[in-house]
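Colleague: Submitted below is the structure of interest, expressed as structure tokens.
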Amino acid sequence: ASPIPAPNPRPDIAYSKIFINNEWHDAVSKKTFPTINPATGEVICQVAEGDKVNAVGLRWVCSPWEQVQRGWRGRHHPMSHLGSSVFAAALETLDNGKPYAISYLVDLDMVVKCLRYFAGWSDKFHGKTIPLDGDFFCYTRHEPVGVCGQIIPWNFPLLMQAWKLGPALATGNVVVMKVAEQTPLTALYVASLIKEAGFPPGVVNIIPGYGTTAGAAISSHMDVDKVAFTGSTEVGHLIQKAAAESNLKRVTLELGGKSPNIIMSDADMDWAVDQAHFALFFNQGQCCCAGSRTYVQEGIYNEFVERSVEKAKARVVGNPFDFKTEQGPQVDEEQFKKILGYISTGQREGAKLLCGGSPAADRGYFIQPTVFGDVQDSMTIAREEIFGPVMQILKFRTIEEVIERANDSKYGLAAAVFTRDLDKANFVSQSLRAGTVWINCYDVFGAQAPFGGYKASGNGRELGEYGLEAYVEVKN
Amino acid sequence: MKKQSSDSNPAPVMPALPEPLKDLKIKYTKIFIDNEWHDSVSGKKFAVFNPATEEKICEVEEGDKADVDKAVKAARKAFELGSTWRTMDASERGRLLNKLADLVERDRLILATMETIDGGKLFSMAYLMDLGACIKTLRYCAGWADKIHGRTVPMDGNFFTFTRHEPIGVCGQIIPWNFPLVMFIWKIAPALCCGNTVVVKPAEQTPLSALYMGSLIKEAGFPPGVVNIVPGFGPTAGAAISHHMDIDKVAFTGSTEVGKLIKEAAGKSNLKRVTLELGGKSPNIIFADADLDAAVEFAHIGLFYHQGQCCIAGSRIFVEEPIYDEFVRRSIERAKKYTLGDPLKPGVQQGPQIDKEQYKKILELIESGKKEGAKLECGGGPWGDKGYFIQPTVFSNVTDDMRIAKEEIFGPVQQIMKFKTIDEVIKRANNTTYGLAAAVFTKDIDKALTFAAALQAGTVWVNCYSALSAQCPFGGFKMSGNGREM
């Protein structure tokens with residue numbers, strides 16, 4: 001395999017304004033906000049702060065995009081050049097803190113694949129002709145929903161942008177996207193590529209800003225037909241309320257999780273330890289589907305815990321531009337403090353701190369990889385989403401017991417089971433109330449496969465053919 | 001057929017038409033197996049001709065059974081469990097098809113010039129329509145590669161049940177000479193998209209563009225053995241494919257007569273799956289309430305496109321009595337204004353028929369029309385002293401029992417007949433063993449929907465003709481074929 005191209009750790013920030021109608025605008029209020037490099041705590045640059053007035057009145061700028069031939073729509077997608085991949089990956093690392101090697105090899109790779117996948121759907125999402133009773137010609141059209149508000153998070157900025165744009169544009173919608181205030185830069189760079197790719201003006205509009213202002217303006221807007229949100233369950237409630245109170249806009253949500261990772265005693269131990277570590281610590285623990293309750297069957301519990309601690313201690317935390325680094329900083333000070341808070345709660349409530357537990361550096365938002373053993377289901381760290389590098393290991397005896405405990409959560413985003421036994425794998429995977437169940441693996445994603453949550457982890461599915469459904473209105 | 005475009009909403013416009021290449025060099029004339037070029041096992045070659053000049057373009061290796069055997073072995077190996085092709089991500093197959101589309105785009109001028117010289121096709125059509133369709137079809141199928149879904153099925157009993165949509169295996173594909181490159185792409189794109197390997201036999205009249213594609217397939221990065229191309233003749237190479245005990249499926253586009261042989265051979269050998277896209281005698285029904293200008297134009301292009309050598313040619317035009325005379329008058333006028341000549345040259349509107357055999361057959365059918373009492377309105381004979389040119393010919397007062405109303409002519413010969421009522425014309429339109437396409441021209445919604453349902457044809461056009469696109473399924477009822485493409 002070819003080596004990863006070296007990044008420029010000080011990339012030029014060319015785009016920091018609001019992108020509307022293929023043009024760059026200042027905020028109506030002229031306000032700006034800073035975006036911070038979480039590895040150092042320093043300001044990278046100021047970004048135009050979009051608010052209600054920028055989000056308003058976008059209908060008139062959105063051109064009759066759906067009339068454009070669908071196949072042609074599929075041909076135009078940004079990010080197909082290597083050069084832009086290297087730059088975008090470096091910018092992602094600078095703004096979010098994730099290791100550059102991973103931005104480049106994983107995030108960017110998945111972004112391109114997602115866009116290509118949805119480009120292929122553009123002219124294939126078929127309606128039906130239906131043999132209705134009576135002398136009628138009956139058929140359905142899959143029409144675009146219209147103006148879609150899309151509010152995306154900071155943990156996978158580029159990838160979440162691609163997950164939102166892909167299905168929306170493939171089905172002919174126009175988009176108003178609010179990017180996370182912590183990580184606006186790569187989305188704005190992609191906006192410049194959208195223009196370059198040839199999308200008509202007004203089809204994609206990107207507004208950096210805050211949730212309580214720009215985000216709320218979108219969810220309560222009377223002229224936005226649908227809102228898609230990825231973020232915390234807490235804000236998800238607000239979005240759904242606002243949608244209901246305004247114009248009953250369609251809502252899809254992809255929210256938090258406290259996903260159970262169940263390790264049966266007949267699992268391949270090396271593999272299970274490796275995967276459970278990855279399941280929790282990937283992306284600095286900042287994954288909605290992180291395997292944050294690791295249930296280990298009692299027969300192998302001690303050995304599993306010992307090996308997991310060893311692995312966590314060996315995890316390399318450092319400058320995300322360094323190719324040796326496996327874990328970068330948390331995204332900002334708020335998350336940093338919140339995670340440290342959970343760690344101290346864990347200790348207070350009696351969980352056994354086996355390693356880590358403290359900040360990992362004097363500058364930036366780095367936290368040591370932390371492992372808690374002997375965790376009980378009732379503890380706060382076993383119930384609430386920490387979103388940091390803090391692993392909870394719990395013990396169980398029987399399959400029936402662990403299924404009940406795994407399902408005893410308001411969340412239902414993902415889950416996993418590690419076992420060599422075919423029947424156990426089938427039984428457990430069918431019993432878990434989770435949108436994705438991984439068997440002998442974790443965090444396996446593909447543009448082709450639907451992703452989303454049961455219960456308070458969300459409504460609806462993203463990716464795959466299923467991901468198109470939320471972006472069409474069926475006309476019979 | 002320029003696409004609509006608007007200021008606020010720029011749709012893609014047709015590329016500007018360049019000049020055809022002068023002195024096109026034919027680089028690829030051998031048999032393509034395992035991404036390599038092979039001589040024929042027998043040592044034989046056959047000549048390929050330019051139908052506009054009757055001159056030999058070059059010689060091509062003549063594949064026969066032994067060469068087909070080699071190709072099938074290569075295709076079978078490439079399809080082995082655990083092979084590169086079998087273990088490749090579906091999305092990666094899509095990437096390769098898109099890469100192939102990029103290369104076709106790059107070499108568009110070469111391929112269009114080649115299609116014109118080898119196939120007698122108008123260069124402007126080859127460049128704009130044929131090559132455009134090839135590129136779009138490749139990209140369309142590329143998009144499907146990782147979207148071929150099986151299902152999970154809630155079966156009775158305590159079982160986990162799911163379907164996999166697996167590739168069939170080694171597919172033999174026999175393609176015709178009327179749209180050589182388009183037909184090549186229509187065959188390989190869906191086959192490769194689903195993960196099959198192929199052995200393609202291009203028509204002996206027009207093997208050159210298929211062989212050129214071999215070089216692009218290798219350049220795109222398809223593993224060796226995934227696509228194999230064996231030029232040769234029907235009774236030898238084609239029959240070897242349809243009878244082969246290690247080919248899992250045969251797809252054939254061509255005449256109904258040969259289609260029957262293929263299906264028989266499949267039954268006699270290993271029950272290989274068969275899809276066929278055969279001939280037609282497609283009815284084009286014009287009502288008095290149609291937009292007459294549009295109807296005349298569509299009916300004209302619907303018959304005369306590519307010298308009448310289209311399986312979907314609208315070769316029985318039923319015109320409602322009240323507008324019959326006017327329709328005939330306008331159709332004659334339209335058919336008279338033709339410039340015949342070398343299809344490479346600008347300003348030429350009709351090229352030659354593909355070869356002497358077709359040429360003679362068409363002239364024979366024209367004579368039968370005259371003899372059986374149809375009224376020859378214009379044309380009716382050959383044109384020029386070199387090349388297989390036939391004058392655009394219009395017959396009116398055609399009745400259903402005449403040979404020109406029943407048999408597929410595959411030439412620039414238009415039949416116009418009269419009808420009175422809906423029920424009558426439905427019966428007459430369906431009174432054929434063919435069933436490939438049909439059209440109705442009317443402004444009345446009820447008439448349009450009635451005909452959409454009543455006509456026994458794989459494609460029914462309403463107020464248009466020949467509208468085809470990669471997204472739409474295409475194929476015939478009855479003896480026009482089995483199965484659908486695209």
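Each chain of the structure tokens is named A, B, ... in the order shown, its residues numbered from 1; ligands are numbered from 1 in display order.
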May I have the residues within 9 Å of Ile393 of chain A as a PyMOL selection string, using only C-alpha atoms and disregarding those fewer than 5 positions away in the same chain?

Modeller: chain A and resi 292-296+301+305+371-376

Colleague: Quick one: everything within 6 Å of Thr370 of chain A, counting only C-alpha atoms, minus sequence neighbours fewer than 6 positions away in the same chain. Send it as a list in words.

Modeller: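 Once the adjacent positions are removed, what remains is Cys355, Gly356, Gly357 and Val390 of chain A.
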
Colleague: Kindly indicate which residue among B:Met486, B:Ile332, B:Ala290, B:Ala295 lies nearest to chain A, using only C-alpha atoms for the distances.

Modeller: B:Met486

Colleague: Which residues are close to segment 233-243 of chain A, i.e. within 6 Å by only C-alpha atoms, leaving aside same-chain residues fewer than 3 positions away? Reply as a PyMOL selection string.

Modeller: chain A and resi 219-220+246+248-249+255-256

Colleague: Can you spit out the residues from that selection as a short mmCIF file (atom, residue, chain, number, x, y, z; two decimals), in the first residue's frame, using N, CA, C and O atoms?

Modeller:
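Saved the output as selection-v1.cif:
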```cif
data_model
loop_
_atom_site.label_atom_id
_atom_site.label_comp_id
_atom_site.auth_asym_id
_atom_site.auth_seq_id
_atom_site.Cartn_x
_atom_site.Cartn_y
_atom_site.Cartn_z
N SER A 219 -35.11 24.39 12.65
CA SER A 219 -36.11 23.41 13.10
C SER A 219 -37.49 24.04 13.28
O SER A 219 -38.50 23.35 13.19
N SER A 220 -37.53 25.35 13.48
CA SER A 220 -38.85 25.97 13.63
C SER A 220 -39.27 26.75 12.39
O SER A 220 -40.31 27.39 12.39
N SER A 246 -44.06 24.10 14.70
CA SER A 246 -44.05 25.00 13.55
C SER A 246 -44.96 24.46 12.45
O SER A 246 -46.17 24.64 12.49
N LEU A 248 -44.99 21.06 11.18
CA LEU A 248 -45.02 19.60 11.05
C LEU A 248 -44.04 19.12 9.99
O LEU A 248 -44.32 18.17 9.26
N LYS A 249 -42.90 19.75 9.92
CA LYS A 249 -41.89 19.30 8.98
C LYS A 249 -41.48 17.88 9.34
O LYS A 249 -41.54 17.47 10.50
N LEU A 255 -29.22 10.10 17.10
CA LEU A 255 -28.89 10.65 18.41
C LEU A 255 -27.86 9.81 19.17
O LEU A 255 -27.03 9.16 18.56
N GLY A 256 -27.96 9.84 20.48
CA GLY A 256 -26.92 9.19 21.27
C GLY A 256 -27.12 7.71 21.45
O GLY A 256 -28.08 7.12 20.95
#
```
